[in-house]
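Data first, discussion second: the structure below is written as structure tokens.
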Amino acid sequence: MSVLLPPLPAGYRARPTAVDDVPAVHRLVAACERALHGRAETDPGGIAADLHRPGLDPAHDTLLVHDRAGRLAARAWVDRRCEVDVHPAHRGRGLGAALLDWAEARARQAGSAGIAQTVPDDDAGAVALLRSRGYQPLVRSWQLAYDMPEEPVVPAPPAGLTVRPFRPGDERAAHRLVEDAFAAWQPRRKSYPEWARHTVDRPAFAPALSALAFTDGQLVGAVLSLDLPETGEGYVEQVAVHADHRNRGIARLLLHHAFRAFHRHGRRRCTLWTHSDTGALALYLRVGMTVARSSTVFRKGLAGD
């Protein structure tokens, strides 16, 4: 199979991404986030995990675009979903449109029926580009924030429930819990290696700032946290409660344990992301979190296109 390379504006060249490129890609994505939100929220571990998505072949499904001086100007990957990022210094030159064309062509070549991309709602240029290419809104995501000027008060646990921080050896049970809890809205179960790359094997994973709940020795709830120093905030990556133990206040309890741990770690704000398919927005609002910003997943069908 030949490698697709898009036609690019003069002075730019493209090649696939290699593992050694992760630091440079992180710097690019961080620059995009700072330009849009005033701070970087991506960590190198998240970039590396995306390169190991099942079914993604970096040689065919990723691209880096460099300028004449060898500086990374843009990047893209596609595997049913896609991500396209253009460095702020190189915007307005057609790179985003060229990489979007490449992603669609690669998705068709791979036999995908459609392609999806998540875009911050305040990135007006990216939203306009996707809409102009026939992409339609599919799912809404929200970043929730919890401000902690004072140390959060942790509620008393329900009878028979114990809470403790994450420990080595909890990994497999946490994976099963999360995948079972997410099965109602997540179309595909993640294997342990895939899940672990995004959570417990990620360098930013913070076991001491994560909280687990047990009943009779069975793991029934988990809040898994990341420590992302550049944001100056706490970050909750995943919240999961076993279906048989919901509506007992376990998620609220575990979140407050994580909030208190972050506060004691010097953080005064904690954030997490949720989306409309999970039905969890109301829970986080009841906990006292507020919506900080939002993103939309846009999708375009490719069959017969």
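Chains: A, B, ... in order of the structure tokens. Residues: from 1 per chain. Ligands: from 1, in order shown.
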For stretch 149-165 of chain A: contacts at 10 Å, only C-alpha atoms, fewer than 3 positions along chain excluded, given as a ChimeraX atom specification
/A:146,170,206-224,248-250,252-264,267-269
Would you kindly return, as a ChimeraX atom specification, each protein, DNA or RNA residue with an atom no farther than 7 Å from any atom of stretch 73-80 of chain A, considering only C-alpha atoms and excluding same-chain residues fewer than 5 positions away?
/A:56,61-67,85-87,90,99,103,107,112,114-116
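When only C-alpha atoms are used to compute distances to A:Val25, the closest of the residues A:Arg167, A:Val84, A:Arg39, A:Ala69 turns out to be A:Val84.
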What's the separation between atom CA of A:Ala128 and atom CA of A:Tyr235, in Å to one decimal place?
29.6 Å
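Among the candidates A:Glu83, A:Tyr12, A:Pro88, A:Ser225, the one nearest to A:Ala35 when counting only C-alpha atoms is A:Pro88.
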Measuring atom to atom with only C-alpha atoms, identify which of A:Glu171, A:Glu104, A:Asp20, A:Asp227 is nearest to A:Ala48.
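Selected residue with least distance to A:Ala48: A:Asp20.
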Ranking A:Thr199, A:Gln109, A:Thr274, A:Gln143 by minimum distance to A:Asp121 and counting only C-alpha atoms, which one comes first?
A:Gln143
